[in-house]
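The structure file query16.cif is reproduced below (mmCIF, C-alpha atoms).
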```
data_input
loop_
_atom_site.label_atom_id
_atom_site.label_comp_id
_atom_site.auth_asym_id
_atom_site.auth_seq_id
_atom_site.Cartn_x
_atom_site.Cartn_y
_atom_site.Cartn_z
CA MET A 21 1.94 -33.64 38.01
CA LYS A 22 3.18 -33.90 34.43
CA GLY A 23 -0.13 -35.38 33.33
CA ASP A 24 -1.98 -32.31 34.64
CA TYR A 25 0.36 -29.86 32.89
CA SER A 26 -1.56 -27.59 30.51
CA GLN A 27 0.33 -26.67 27.37
CA LEU A 28 -2.25 -23.98 26.55
CA LYS A 29 -1.98 -22.31 29.96
CA ALA A 30 1.80 -22.30 29.66
CA MET A 31 1.56 -20.84 26.16
CA PHE A 32 -0.78 -18.05 27.32
CA ALA A 33 1.54 -17.32 30.24
CA ILE A 34 4.40 -16.86 27.75
CA THR A 35 2.13 -14.67 25.60
CA LYS A 36 1.21 -12.49 28.58
CA GLY A 37 4.81 -12.02 29.67
CA SER A 38 6.01 -11.34 26.14
CA LEU A 39 3.20 -8.85 25.52
CA LYS A 40 4.18 -6.89 28.62
CA ALA A 41 7.76 -6.81 27.39
CA VAL A 42 6.66 -5.51 23.99
CA PHE A 43 4.69 -2.62 25.49
CA ARG A 44 7.69 -1.74 27.66
CA SER A 45 9.96 -1.59 24.60
CA PRO A 46 10.31 2.00 23.33
CA SER A 47 11.55 0.86 19.90
CA ALA A 48 8.51 -1.40 19.40
CA VAL A 49 6.08 1.39 20.24
CA ILE A 50 7.92 3.96 18.10
CA PHE A 51 8.25 1.85 14.93
CA SER A 52 4.86 0.15 15.16
CA ILE A 53 2.63 2.99 16.38
CA ALA A 54 4.34 6.39 16.63
CA PHE A 55 6.17 6.42 13.29
CA PRO A 56 3.14 5.45 11.12
CA LEU A 57 0.92 7.89 13.03
CA ILE A 58 3.38 10.74 12.41
CA PHE A 59 3.24 10.11 8.66
CA ILE A 60 -0.53 9.86 8.73
CA LEU A 61 -0.82 13.13 10.64
CA VAL A 62 1.62 14.95 8.35
CA PHE A 63 0.01 13.82 5.09
CA GLY A 64 -3.47 14.11 6.56
CA PHE A 65 -2.91 17.79 7.41
CA LEU A 66 -1.26 18.46 4.06
CA GLY A 67 -4.38 17.24 2.29
CA SER A 68 -2.80 16.76 -1.09
CA GLY A 69 -1.90 13.58 -2.98
CA GLY A 70 1.55 12.40 -3.86
CA LYS A 71 0.94 10.67 -7.18
CA VAL A 72 3.37 11.70 -9.88
CA SER A 73 1.83 10.10 -12.98
CA ILE A 74 -1.68 10.68 -14.28
CA ASN A 75 -3.83 7.95 -15.84
CA VAL A 76 -6.19 9.05 -18.61
CA ALA A 77 -8.27 7.41 -21.32
CA PHE A 78 -9.38 8.73 -24.68
CA ASP A 79 -13.01 8.61 -25.66
CA PRO A 80 -13.53 6.27 -28.66
CA LYS A 81 -14.95 9.25 -30.59
CA THR A 82 -11.71 11.21 -30.19
CA ASP A 83 -10.22 12.64 -33.38
CA THR A 84 -6.76 11.08 -33.38
CA ALA A 85 -5.52 12.91 -36.48
CA ASN A 86 -4.46 16.07 -34.66
CA PRO A 87 -1.30 17.20 -32.86
CA ILE A 88 -2.98 17.42 -29.44
CA TYR A 89 -3.62 13.68 -29.37
CA ALA A 90 -0.05 12.87 -30.50
CA SER A 91 1.50 15.26 -27.98
CA LEU A 92 -0.46 13.90 -25.02
CA LYS A 93 0.51 10.30 -25.82
CA ASN A 94 4.20 11.26 -25.80
CA ILE A 95 4.19 13.08 -22.44
CA ALA A 96 6.03 11.02 -19.80
CA GLY A 97 3.66 11.94 -16.96
CA ILE A 98 0.56 10.82 -18.88
CA ASN A 99 -0.36 7.12 -18.85
CA VAL A 100 -2.99 6.25 -21.46
CA VAL A 101 -5.32 3.48 -20.28
CA LYS A 102 -6.81 1.41 -23.10
CA LYS A 103 -10.19 0.37 -21.73
CA THR A 104 -13.76 0.91 -22.90
CA GLY A 105 -17.35 0.49 -21.76
CA GLU A 106 -18.30 -0.47 -18.23
CA GLU A 107 -14.74 -1.32 -17.28
CA LEU A 108 -13.62 2.22 -18.11
CA LYS A 109 -16.60 3.73 -16.29
CA GLU A 110 -15.80 1.67 -13.18
CA ASP A 111 -12.16 2.83 -13.22
CA LEU A 112 -13.32 6.43 -13.46
CA GLU A 113 -15.84 6.07 -10.63
CA LYS A 114 -13.17 4.57 -8.37
CA GLY A 115 -10.54 7.19 -9.18
CA ARG A 116 -8.16 4.85 -10.99
CA ILE A 117 -8.04 7.21 -13.95
CA THR A 118 -8.11 11.01 -13.77
CA ALA A 119 -10.30 11.74 -16.80
CA ILE A 120 -11.69 10.56 -20.13
CA ILE A 121 -10.56 12.94 -22.86
CA LEU A 122 -12.67 13.68 -25.93
CA ILE A 123 -10.95 15.72 -28.66
CA LYS A 124 -13.42 16.71 -31.36
CA LYS A 125 -13.77 19.20 -34.17
CA SER A 126 -15.66 22.24 -32.99
CA GLY A 127 -17.42 22.89 -36.28
CA LEU A 128 -16.18 26.47 -36.21
CA ASN A 129 -13.39 28.12 -38.12
CA ASN A 130 -11.76 29.30 -34.91
CA PRO A 131 -10.83 27.33 -32.86
CA PRO A 132 -10.88 24.15 -34.95
CA TYR A 133 -10.97 21.75 -31.96
CA SER A 134 -12.57 21.50 -28.53
CA ILE A 135 -11.63 19.19 -25.65
CA ASP A 136 -14.18 17.72 -23.23
CA LEU A 137 -13.05 16.15 -19.97
CA THR A 138 -15.12 13.63 -18.04
CA SER A 139 -13.90 13.12 -14.49
CA SER A 140 -15.16 11.76 -11.17
CA GLU A 141 -15.48 12.96 -7.60
CA ALA A 142 -13.21 10.07 -6.63
CA VAL A 143 -10.32 11.66 -8.56
CA ASN A 144 -7.67 13.61 -6.70
CA PRO A 145 -8.45 17.30 -7.52
CA GLN A 146 -4.74 18.06 -7.79
CA ASN A 147 -4.38 15.48 -10.59
CA MET A 148 -7.25 17.13 -12.46
CA GLN A 149 -5.58 20.53 -12.15
CA VAL A 150 -2.29 19.10 -13.39
CA LEU A 151 -4.04 17.49 -16.39
CA GLN A 152 -5.69 20.77 -17.35
CA SER A 153 -2.36 22.58 -17.01
CA ILE A 154 -0.72 20.01 -19.30
CA LEU A 155 -3.48 20.43 -21.87
CA ASN A 156 -3.14 24.21 -21.78
CA ALA A 157 0.63 23.91 -22.22
CA VAL A 158 0.23 21.53 -25.19
CA ILE A 159 -2.28 23.84 -26.90
CA SER A 160 -0.06 26.86 -26.22
CA GLY A 161 2.92 25.10 -27.80
CA ILE A 162 0.91 24.18 -30.89
CA ASN A 163 -0.33 27.75 -31.20
CA GLN A 164 3.20 29.16 -31.11
CA ARG A 165 4.60 26.66 -33.62
CA THR A 166 1.84 26.43 -36.21
CA PHE A 167 -1.11 28.69 -35.56
CA SER A 168 0.52 31.89 -34.36
CA GLN A 169 -2.06 34.04 -36.21
CA ALA A 170 -5.07 32.25 -34.76
CA PRO A 171 -6.40 32.91 -31.23
CA THR A 172 -6.02 29.24 -30.29
CA TYR A 173 -5.91 25.81 -31.90
CA ALA A 174 -8.31 24.27 -29.36
CA LEU A 175 -10.44 25.18 -26.38
CA ILE A 176 -10.73 23.04 -23.26
CA ASN A 177 -14.26 22.59 -22.02
CA GLN A 178 -13.93 24.07 -18.53
CA ASN A 179 -17.33 22.73 -17.50
CA VAL A 180 -15.80 19.38 -16.63
CA GLU A 181 -18.47 16.70 -16.44
CA LYS A 182 -18.26 14.79 -13.17
CA ILE A 183 -19.86 11.43 -12.60
CA PRO A 184 -20.68 10.27 -9.06
CA GLY A 185 -17.89 8.70 -7.08
CA ARG A 186 -16.20 8.63 -3.69
CA ILE A 187 -13.90 11.52 -2.82
CA TYR A 188 -10.28 10.38 -3.00
CA ARG A 189 -8.14 11.82 -0.21
CA THR A 190 -4.42 11.65 0.46
CA ILE A 191 -5.05 9.51 3.52
CA ASP A 192 -6.63 6.82 1.31
CA PHE A 193 -3.23 6.27 -0.29
CA ILE A 194 -0.95 6.98 2.67
CA LEU A 195 -2.59 4.96 5.45
CA PRO A 196 -2.41 1.50 3.80
CA GLY A 197 1.29 2.05 3.12
CA GLN A 198 1.95 3.12 6.71
CA LEU A 199 0.07 0.14 8.12
CA GLY A 200 2.13 -2.12 5.86
CA PHE A 201 5.27 -0.34 7.09
CA SER A 202 4.26 -1.03 10.69
CA LEU A 203 3.45 -4.70 10.08
CA LEU A 204 6.66 -5.38 8.18
CA SER A 205 8.84 -3.55 10.73
CA SER A 206 7.33 -5.40 13.66
CA GLY A 207 7.29 -8.76 11.92
CA VAL A 208 10.94 -8.64 10.84
CA PHE A 209 12.76 -6.57 13.47
CA GLY A 210 10.54 -7.55 16.41
CA VAL A 211 10.69 -11.31 15.85
CA ALA A 212 14.38 -11.29 14.86
CA PHE A 213 15.55 -9.48 18.01
CA LEU A 214 13.10 -11.39 20.22
CA PHE A 215 14.18 -14.94 19.35
CA PHE A 216 17.85 -14.04 19.04
CA ASN A 217 17.82 -12.59 22.57
CA LEU A 218 15.87 -15.57 23.90
CA ARG A 219 18.64 -17.84 22.65
CA GLN A 220 21.48 -15.58 23.80
CA GLN A 221 20.05 -15.16 27.30
CA LEU A 222 19.40 -18.92 27.54
CA VAL A 223 15.68 -18.32 28.09
CA LEU A 224 14.78 -20.98 25.54
CA LYS A 225 17.13 -23.39 27.27
CA ARG A 226 15.31 -22.77 30.55
CA PHE A 227 12.00 -23.39 28.81
CA PHE A 228 13.32 -26.80 27.80
CA ALA A 229 13.58 -27.70 31.48
CA THR A 230 9.80 -27.36 31.73
CA PRO A 231 7.21 -29.73 30.23
CA ILE A 232 6.10 -27.18 27.61
CA LYS A 233 6.56 -28.27 24.03
CA ARG A 234 8.72 -26.25 21.64
CA SER A 235 5.84 -25.47 19.31
CA TYR A 236 3.90 -23.85 22.16
CA ILE A 237 6.91 -21.68 23.01
CA VAL A 238 6.95 -20.30 19.48
CA LEU A 239 3.16 -19.93 19.41
CA GLY A 240 3.15 -18.08 22.74
CA GLU A 241 5.78 -15.59 21.64
CA ALA A 242 4.23 -15.19 18.18
CA LEU A 243 0.77 -14.64 19.65
CA SER A 244 2.02 -11.71 21.72
CA ARG A 245 3.36 -10.06 18.55
CA VAL A 246 0.09 -10.68 16.72
CA ILE A 247 -1.98 -9.15 19.54
CA PHE A 248 0.28 -6.09 19.74
CA GLN A 249 0.21 -5.50 15.99
CA MET A 250 -3.55 -5.99 15.72
CA LEU A 251 -3.99 -3.35 18.44
CA THR A 252 -1.60 -1.14 16.45
CA ALA A 253 -3.67 -1.65 13.30
CA ILE A 254 -6.84 -0.65 15.16
CA ILE A 255 -5.16 2.55 16.40
CA VAL A 256 -3.76 3.47 12.97
CA ILE A 257 -7.04 2.81 11.14
CA GLY A 258 -9.08 4.51 13.87
CA VAL A 259 -7.01 7.71 13.78
CA GLY A 260 -7.06 7.76 9.98
CA HIS A 261 -10.82 7.18 9.76
CA PHE A 262 -12.11 9.47 12.50
CA ALA A 263 -9.51 12.26 12.24
CA PHE A 264 -8.88 12.36 8.47
CA HIS A 265 -11.87 10.48 6.98
CA PHE A 266 -9.94 7.46 5.74
CA THR A 267 -12.41 5.61 3.52
CA LEU A 268 -14.00 2.41 4.83
CA VAL A 269 -16.54 1.80 2.08
CA HIS A 270 -18.68 -0.75 3.90
CA GLY A 271 -17.91 0.44 7.42
CA PHE A 272 -17.33 -2.29 9.98
CA GLN A 273 -17.32 -5.04 7.33
CA THR A 274 -14.46 -3.32 5.50
CA PHE A 275 -12.63 -2.82 8.80
CA MET A 276 -12.86 -6.53 9.63
CA GLU A 277 -11.62 -7.51 6.16
CA ILE A 278 -8.64 -5.16 6.60
CA MET A 279 -7.89 -6.71 10.00
CA LEU A 280 -7.95 -10.22 8.51
CA LEU A 281 -5.71 -9.10 5.65
CA SER A 282 -3.32 -7.51 8.18
CA PHE A 283 -3.24 -10.74 10.19
CA LEU A 284 -2.33 -12.81 7.12
CA ALA A 285 0.37 -10.33 6.10
CA LEU A 286 1.81 -10.25 9.63
CA ILE A 287 2.16 -14.05 9.67
CA LEU A 288 4.18 -13.80 6.44
CA PHE A 289 6.37 -10.94 7.70
CA MET A 290 7.10 -12.78 10.95
CA GLY A 291 8.53 -15.60 8.85
CA PHE A 292 11.17 -13.15 7.59
CA GLY A 293 11.94 -12.36 11.23
CA PHE A 294 12.49 -16.04 12.07
CA ILE A 295 14.96 -16.31 9.18
CA VAL A 296 16.89 -13.20 10.25
CA SER A 297 17.11 -14.38 13.88
CA SER A 298 18.61 -17.67 12.69
CA VAL A 299 21.18 -16.39 10.20
CA ALA A 300 22.45 -13.52 12.40
CA LYS A 301 25.67 -14.44 14.22
CA ASN A 302 25.34 -11.67 16.79
CA GLU A 303 22.96 -8.86 17.70
CA SER A 304 24.81 -6.25 15.65
CA THR A 305 24.27 -8.23 12.44
CA ILE A 306 20.49 -8.31 12.82
CA PRO A 307 19.82 -4.74 11.50
CA PRO A 308 21.77 -5.25 8.24
CA PHE A 309 19.98 -8.54 7.49
CA ALA A 310 16.58 -7.07 8.47
CA ASN A 311 17.15 -3.92 6.39
CA LEU A 312 18.05 -6.08 3.41
CA ILE A 313 14.50 -7.43 3.57
CA THR A 314 12.56 -4.35 4.68
CA LEU A 315 14.25 -1.37 3.01
CA PRO A 316 13.60 -2.39 -0.63
CA GLN A 317 9.96 -2.98 0.25
CA PHE A 318 9.60 0.35 2.06
CA LEU A 319 10.94 2.14 -1.02
CA LEU A 320 9.58 0.06 -3.91
CA ALA A 321 6.25 -1.38 -2.72
CA GLY A 322 4.07 1.72 -2.97
CA THR A 323 4.45 2.55 0.71
CA PHE A 324 5.07 6.28 0.36
CA PHE A 325 4.22 6.89 -3.32
CA SER A 326 2.75 5.00 -6.25
CA ILE A 327 4.97 2.50 -8.07
CA ASP A 328 3.71 4.12 -11.30
CA ALA A 329 6.31 6.82 -10.59
CA PHE A 330 9.13 4.33 -11.21
CA PRO A 331 10.64 3.65 -14.66
CA PRO A 332 9.04 0.75 -16.57
CA TRP A 333 12.04 -1.58 -16.10
CA LEU A 334 11.76 -1.29 -12.30
CA GLN A 335 8.01 -1.83 -11.96
CA PRO A 336 8.12 -5.65 -12.49
CA ILE A 337 10.52 -5.87 -9.53
CA CYS A 338 8.14 -3.76 -7.44
CA LYS A 339 5.29 -6.12 -8.28
CA ILE A 340 7.19 -9.15 -6.96
CA LEU A 341 7.52 -7.76 -3.43
CA PRO A 342 4.94 -9.05 -0.90
CA LEU A 343 4.37 -5.61 0.66
CA THR A 344 3.24 -4.34 -2.78
CA HIS A 345 0.44 -6.89 -2.82
CA PHE A 346 -0.60 -6.10 0.75
CA ASN A 347 -0.76 -2.38 -0.08
CA ASN A 348 -2.71 -2.99 -3.30
CA ALA A 349 -5.18 -5.35 -1.62
CA MET A 350 -5.78 -2.98 1.29
CA ARG A 351 -6.37 0.03 -0.98
CA ASN A 352 -8.78 -2.00 -3.10
CA ILE A 353 -10.69 -3.17 -0.03
CA SER A 354 -10.79 0.16 1.82
CA PHE A 355 -11.44 2.64 -1.01
CA GLU A 356 -12.87 0.59 -3.87
CA GLY A 357 -15.06 -1.64 -1.73
CA ALA A 358 -13.50 -4.91 -2.88
CA SER A 359 -13.92 -8.04 -0.79
CA LEU A 360 -11.17 -10.44 0.26
CA ALA A 361 -12.47 -12.88 -2.35
CA SER A 362 -12.14 -10.31 -5.14
CA VAL A 363 -8.47 -9.64 -4.30
CA TRP A 364 -7.69 -13.35 -4.53
CA ASN A 365 -4.75 -12.75 -6.85
CA GLU A 366 -3.03 -10.54 -4.25
CA LEU A 367 -3.80 -13.09 -1.51
CA ALA A 368 -2.50 -15.92 -3.69
CA ILE A 369 0.86 -14.18 -4.14
CA LEU A 370 1.06 -13.48 -0.39
CA GLY A 371 0.25 -17.17 0.17
CA ILE A 372 3.07 -18.29 -2.14
CA TRP A 373 5.46 -15.97 -0.31
CA THR A 374 4.31 -17.42 3.04
CA ILE A 375 4.98 -21.01 1.93
CA VAL A 376 8.45 -20.14 0.60
CA VAL A 377 9.43 -18.02 3.61
CA TYR A 378 8.37 -20.60 6.21
CA ALA A 379 10.03 -23.41 4.26
CA VAL A 380 13.29 -21.47 4.62
CA ALA A 381 12.50 -20.55 8.24
CA PHE A 382 11.97 -24.20 9.26
CA LYS A 383 15.29 -25.15 7.65
CA THR A 384 17.29 -22.35 9.29
CA PHE A 385 15.60 -21.85 12.69
CA LYS A 386 17.87 -22.53 15.66
CA TRP A 387 16.82 -23.28 19.23
CA GLU A 388 20.27 -22.81 20.76
#
```

Would you mind writing the file's structure down as structure tokens?
Amino acid sequence: MKGDYSQLKAMFAITKGSLKAVFRSPSAVIFSIAFPLIFILVFGFLGSGGKVSINVAFDPKTDTANPIYASLKNIAGINVVKKTGEELKEDLEKGRITAIILIKKSGLNNPPYSIDLTSSEAVNPQNMQVLQSILNAVISGINQRTFSQAPTYALINQNVEKIPGRIYRTIDFILPGQLGFSLLSSGVFGVAFLFFNLRQQLVLKRFFATPIKRSYIVLGEALSRVIFQMLTAIIVIGVGHFAFHFTLVHGFQTFMEIMLLSFLALILFMGFGFIVSSVAKNESTIPPFANLITLPQFLLAGTFFSIDAFPPWLQPICKILPLTHFNNAMRNISFEGASLASVWNELAILGIWTIVVYAVAFKTFKWE
């Protein structure tokens, strides 16, 4: 009887059927699970970071009236961070900056200056090597131009002081980007093709012949996508953590916070999929519309490399994209030990995007 009809049971039946269809779809498995895992495996085995720019800070006691200081500030690959005190120490401990540089007079006739570097175990070792190479090149250039008769203008203190910190690995940068890639791909392409095909094959029209409400149809289909992607997230994080030591600072607590963050991001990305499924006139127009949303984010949101590598005029655009804020929040939670509450600014921007996207989705969504 109609009065005994259970909307929830009908919704879960739709979820079950849709989930089976997702697992039987080769493209869904490849883009959501296989592709991110391939990247994680490749970069995990390489074991080296991909950051192009190096963040440094100068000790307040640094002698700024020398050519070494001026040269370092003018090198494109060196970003000088202007922080002091506990804030600077925290950035160093968490690997946000490569080293604190102290340039001081040696008190000897030759060489006139010495350079002390304070680094952290959380810093990518490759970045430290690059910084030392840059310093050696700067000193060599000064020697050739001005002090050709002297052995050297300055000596770098090779006994680099290291303060305690977590070891930063390539996987700590790569995995959050690949999880974001998986969530965005599934949310946009998966939902767009799913609801477009449901309309084209008149499945939604057949649903209308049953007592189930429209909202439960959408919830049932959406729930299957959420379950599939949460399972994908568990696989990606599990492989990264146990095979390549992806950092989960607080263990299971950090894992659960990442899962909640992934859930919130997936809801947002699915909204893009609803929009694409509505504006596409036929199945062949879905990929262009979907790529218009996903491709800029894959390239500009810190998915494969840091947005610090981009020119200054492009970075504000990068910081608008929702995937950028998911990637930043996840890296802060996983490696730096931040809580969801402490990344409220990233969550707030994702929330604004969610409101805007679903406002457009509700206006454009078509049932037939």

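Against this structure, the PyMOL selection byres ((chain A and resi 264-270) around 8) ends up with Gly64, Arg189, Ile191, Asp192, Leu195, Ile257, Val259, Gly260, His261, Phe262, Ala263, Gly271, Phe272, Gln273, Thr274, Phe275, Ile353, Ser354, Phe355, Glu356 and Gly357 of chain A.
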
**Request:** Kindly resolve the PyMOL selection byres ((chain A and resi 365-376) around 6) on the present coordinates and return the residues as a list in words.
**Result:** Leu288, Pro342, His345, Val363, Trp364, Val377, Tyr378 and Ala379 of chain A

**Item:** Nearest to Leu214 in chain A, chosen from A:Thr190, A:Asn86, A:Ser297, A:Ser140, with only C-alpha atoms counted in the distances
**Value:** A:Ser297

**Request:** Give as a PyMOL selection string the residues that the PyMOL selection byres ((chain A and resi 304-311) around 9) matches when applied to the coordinates above.
**Result:** chain A and resi 205+208-209+212-213+216+292-293+296-297+299-303+312-316

Can you write just those residues out, C-alpha atoms, as a compact mmCIF listing (two decimals), in the coordinates of the input?
```
# COMPACT_ATOMS: atom_id res chain seq x y z
CA SER A 205 8.84 -3.55 10.73
CA VAL A 208 10.94 -8.64 10.84
CA PHE A 209 12.76 -6.57 13.47
CA ALA A 212 14.38 -11.29 14.86
CA PHE A 213 15.55 -9.48 18.01
CA PHE A 216 17.85 -14.04 19.04
CA PHE A 292 11.17 -13.15 7.59
CA GLY A 293 11.94 -12.36 11.23
CA VAL A 296 16.89 -13.20 10.25
CA SER A 297 17.11 -14.38 13.88
CA VAL A 299 21.18 -16.39 10.20
CA ALA A 300 22.45 -13.52 12.40
CA LYS A 301 25.67 -14.44 14.22
CA ASN A 302 25.34 -11.67 16.79
CA GLU A 303 22.96 -8.86 17.70
CA LEU A 312 18.05 -6.08 3.41
CA ILE A 313 14.50 -7.43 3.57
CA THR A 314 12.56 -4.35 4.68
CA LEU A 315 14.25 -1.37 3.01
CA PRO A 316 13.60 -2.39 -0.63
```

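From CA of Phe193 in chain A back to CA of Arg351 in chain A, the distance works out to 7.0 Å.
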
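Considering the residues A:Leu137, A:Ile340, A:Ile237, A:Leu360 and counting all atoms listed in the file, Ser282 in chain A has its shortest atom-to-atom contact with A:Leu360.
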
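The shortest atom-to-atom distance to Leu284 in chain A, with only C-alpha atoms taken into account, belongs to A:Phe346 out of A:Phe346, A:Phe228, A:Phe201, A:Tyr133.
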
**Close residues, Ala30 in chain A itself excluded, 10 Å, only C-alpha atoms, min 2 positions apart in chain, as a list in words** = Tyr25, Ser26, Gln27, Leu28, Phe32, Ala33, Ile34, Thr35, Lys36, Thr230, Pro231, Ile232, Lys233, Tyr236, Ile237 and Gly240 of chain A

Just need the box for range 369-382 of chain A, edges along x, y and z, holding every atom the file lists for it with 6 Å tacked onto each side, so centre and edge lengths in Å to one decimal, as lines of an AutoDock Vina configuration file.
```
center_x = 6.8
center_y = -18.8
center_z = 2.6
size_x = 25.0
size_y = 22.7
size_z = 25.4
```

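All residues of protein, DNA or RNA that reach within 8 Å of range 151-156 of chain A, judged by all atoms listed in the file and not counting those fewer than 4 positions away in the chain, are Ile74, Leu92, Asn147, Ser160 and Ile176 of chain A.
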
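From CA of Pro332 in chain A back to CA of Ile162 in chain A, the distance works out to 28.6 Å.
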
**Message:** Please list as a PyMOL selection string every residue within 12 Å of Cys338 in chain A, counting only C-alpha atoms and excluding residues in the same chain fewer than 5 positions away.
**Reply:** chain A and resi 316-323+326-333+343-345+347-348

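Note that the spacing between CA of Val211 in chain A and CA of Glu241 in chain A amounts to 8.7 Å.
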
**Request:** Within 10 Å of Tyr89 in chain A, counting all atoms listed in the file, which residues show up once you throw out same-chain ones fewer than 3 positions away? Write them as JSON, numbers by chain, please.
**Result:** {"A": [78, 82, 83, 84, 85, 86, 92, 93, 94, 121, 122, 123, 158]}

**Shortest interatomic distance to Asn217 in chain A - which of A:Thr252, A:Thr138, A:Asn99, A:Ser298, counting all atoms listed in the file** = A:Ser298

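Nearest residue to Ala119 in chain A, choosing from A:Gly197, A:Glu106, A:Ala41, A:Met148 and counting all atoms listed in the file: A:Met148.
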
**Item:** Which of A:Val246, A:Leu199, A:Leu281, A:Val238 sits closest to Ile58 in chain A [using all atoms listed in the file]
**Value:** A:Leu199
